[in-house]
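What follows is a single structure, written as C-alpha cells, with notes after it.
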Amino acid sequence: MFNVCLENISKYDFKWFTIGSTEDLDSAIEEIQKNADDEILVVDYEEIKFSYIYQIREAIEKIEELDEYESELVLQIAKQGGYSLEEAIEMVSNDMIYMVHGTNLDKEDAVSIYLDETCFFDTIPDDIVRYFDYSRYLNDMECDGVNFIELADKVIINFPR
C-alpha cells in the first residue's frame with residue numbers, strides 16, 4: 001500500500017518499509033526501534049505523502065473501514081490523481097464521484113458518456129442534441145468545481161460538495 005522510509009533518529013538508522021496494515025506499521029516501528037524507546041521519523045515516502053507516523057496509522061485505519069474495491073479506488077485516486085489520501089477517502093466514502101470506464105478517454109469523452117448514461121438527453125429532441133457542445137459543457141462543469149481524474153482505464157468525475 002504505502003512505501004515509507006522510517007528513521008531511528010538516535011541511531012541514524014533508516015529503512016524502507018511497505019506498509020499495508022496496522023500490523024505492518026507496528027512491525028516496522030519495532031524493527032527500526034530495535035527494542036529501544038527512540039523517536040522514529042518518516043524521512044521519505046513514495047506516491048503518498050506522510051510527515052508523521054500517526055498519519056500513516058490514521059490512513060490505514062480509515063482504509064481498513066472500506067471494502068476492497070473502495071480501498072483500491074482510494075489508492076488510485078491518491079497515487080495517480082494527485083489528491084491527498086484524506087481527499088480520496090472523502091470522495092469515495094461520500095459518493096462524490098461518478099466513474100466512466102474505458103481506455104484512452106479524455107475529459108470530453110467522459111462528459112459525453114456521463115450525460116448519455118444519466119439520461120441527460122432523454123427529453124431533448126434528437127435533431128437538437130447533435131448541436132450540443134460537449135467542450136463548453138465540460139468548461140461549465142469545471143467552472144462549477146467539478147474535477148476530472150484521468151486514470152489509465154477510467155475517468156473519475158468528482159462532484160465536490
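Letters for chains follow the order of the C-alpha cells (A, B, ...), residue numbers begin at 1 for each chain, and ligand numbers begin at 1 in the order shown.
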
Do you know which residues are at most 7 Å from segment 1-13 of chain A counting only C-alpha atoms, after dropping those on the same chain fewer than 3 positions away, and could you put them as a PDB file with C-alpha atoms, in the first residue's frame?
```pdb
ATOM      1  CA  TRP A  16      12.232   1.466   3.646  1.00  0.00           C
ATOM      2  CA  PHE A  17       9.036  -0.391   4.529  1.00  0.00           C
ATOM      3  CA  THR A  18       5.936  -1.368   2.597  1.00  0.00           C
ATOM      4  CA  ILE A  19       3.005  -0.863   4.933  1.00  0.00           C
ATOM      5  CA  GLY A  20      -0.428  -2.268   4.207  1.00  0.00           C
ATOM      6  CA  ILE A  32      13.537   0.315  13.329  1.00  0.00           C
ATOM      7  CA  GLN A  33      13.455   0.963  17.092  1.00  0.00           C
ATOM      8  CA  ASP A  38      13.872   6.023  20.401  1.00  0.00           C
ATOM      9  CA  GLU A  39      11.945   8.533  18.342  1.00  0.00           C
ATOM     10  CA  ILE A  40      11.005   7.404  14.851  1.00  0.00           C
ATOM     11  CA  LEU A  41      10.569   9.796  11.940  1.00  0.00           C
ATOM     12  CA  VAL A  42       9.116   9.466   8.464  1.00  0.00           C
ATOM     13  CA  VAL A  43      12.025  10.663   6.333  1.00  0.00           C
ATOM     14  CA  ASP A  44      10.792   9.787   2.850  1.00  0.00           C
ATOM     15  CA  TYR A  45       7.796   8.361   1.015  1.00  0.00           C
ATOM     16  CA  GLU A  46       6.683   7.195  -2.421  1.00  0.00           C
TER      17      GLU A  46
END
```

Can you write out as JSON lines which residues of segment 73-121 of chain A fall within 7 Å of segment 152-157 of chain A, alongside each residue's closest atom pair and its distance in Å to one decimal, counting only C-alpha atoms and ordering rows by chain and ascending residue number?
```
{"residue": "A:Ile97", "atom": "CA", "partner": "A:Ile157", "partner_atom": "CA", "distance": 5.4}
{"residue": "A:Tyr98", "atom": "CA", "partner": "A:Ile157", "partner_atom": "CA", "distance": 5.0}
{"residue": "A:Met99", "atom": "CA", "partner": "A:Ile156", "partner_atom": "CA", "distance": 4.6}
{"residue": "A:Val100", "atom": "CA", "partner": "A:Val155", "partner_atom": "CA", "distance": 5.3}
{"residue": "A:His101", "atom": "CA", "partner": "A:Lys154", "partner_atom": "CA", "distance": 4.2}
{"residue": "A:Gly102", "atom": "CA", "partner": "A:Lys154", "partner_atom": "CA", "distance": 5.3}
{"residue": "A:Thr103", "atom": "CA", "partner": "A:Asp153", "partner_atom": "CA", "distance": 4.7}
{"residue": "A:Leu105", "atom": "CA", "partner": "A:Val155", "partner_atom": "CA", "distance": 6.9}
{"residue": "A:Ala110", "atom": "CA", "partner": "A:Val155", "partner_atom": "CA", "distance": 6.4}
```

Using C-alpha atoms, can you write the selected residues to a file as a PDB file, in the first residue's frame?
```
ATOM      1  CA  ILE A  97     -17.699  10.552  -7.736  1.00  0.00           C
ATOM      2  CA  TYR A  98     -19.018   9.115 -10.976  1.00  0.00           C
ATOM      3  CA  MET A  99     -16.806   6.694 -12.895  1.00  0.00           C
ATOM      4  CA  VAL A 100     -16.665   6.403 -16.650  1.00  0.00           C
ATOM      5  CA  HIS A 101     -14.800   3.252 -17.700  1.00  0.00           C
ATOM      6  CA  GLY A 102     -12.782   2.898 -20.884  1.00  0.00           C
ATOM      7  CA  THR A 103      -9.264   3.229 -22.181  1.00  0.00           C
ATOM      8  CA  LEU A 105     -10.743   8.522 -22.556  1.00  0.00           C
ATOM      9  CA  ALA A 110     -16.146  11.225 -20.128  1.00  0.00           C
TER      10      ALA A 110
END
```

**OP:** Within segment 16-143 of chain A, find each residue whose DSSP state, derived from the backbone, is strand (DSSP E), and express the selection as a PyMOL selection string.
**Re:** chain A and resi 16-19+40-46+97-101

Subject >> Proximity to Ile29 of chain A - best of A:Ser51, A:Phe148, A:Glu64, A:Arg57, only C-alpha atoms >> reply: A:Arg57

**OP:** Give me the residues within 12 Å of Tyr83 of chain A as a VMD selection string, counting only C-alpha atoms and dropping any in the same chain fewer than 4 places off.
**Re:** chain A and resid 47 to 49 74 to 79 87 to 91 147 to 149 158

Original post:
In Å to one decimal, how far is atom CA of Glu23 of chain A from atom CA of Leu66 of chain A?
Top reply: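 Separation between atom CA of Leu66 of chain A and atom CA of Glu23 of chain A: 17.3 Å.
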
**OP:** Tell me which protein, DNA and RNA residues are within 12 Å of Glu65 of chain A, counting only C-alpha atoms, leaving out same-chain ones fewer than 5 positions away, and put them as a list in words.
**Re:** Ser21, Glu58, Ala59, Ile60, Glu70, Ser71, Val74, Ile89, Val92 and Ser93 of chain A

Original post:
Nearest to Arg130 of chain A: which of A:Thr22, A:Thr118, A:Ser112, A:Asn104 is it, counting only C-alpha atoms?
Top reply: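 Closest to Arg130 of chain A, using only C-alpha atoms: A:Ser112.
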
**OP:** Give the helix (DSSP H, G or I) residues of chain A, as assigned by DSSP on the backbone, as a PyMOL selection string.
**Re:** chain A and resi 22-33+53-64+68-80+85-93+107-117+126-129+134-143

Subject >> Atom pair atom CA of Glu30 of chain A / atom CA of Ser84 of chain A: separation (Å) >> reply: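 Calculated distance between atom CA of Glu30 of chain A and atom CA of Ser84 of chain A is 27.1 Å.
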
Original post:
Between atom CA of Asp26 of chain A and atom CA of Glu72 of chain A, what is the distance, to one decimal in Å?
Top reply: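 The value is 22.1 Å.
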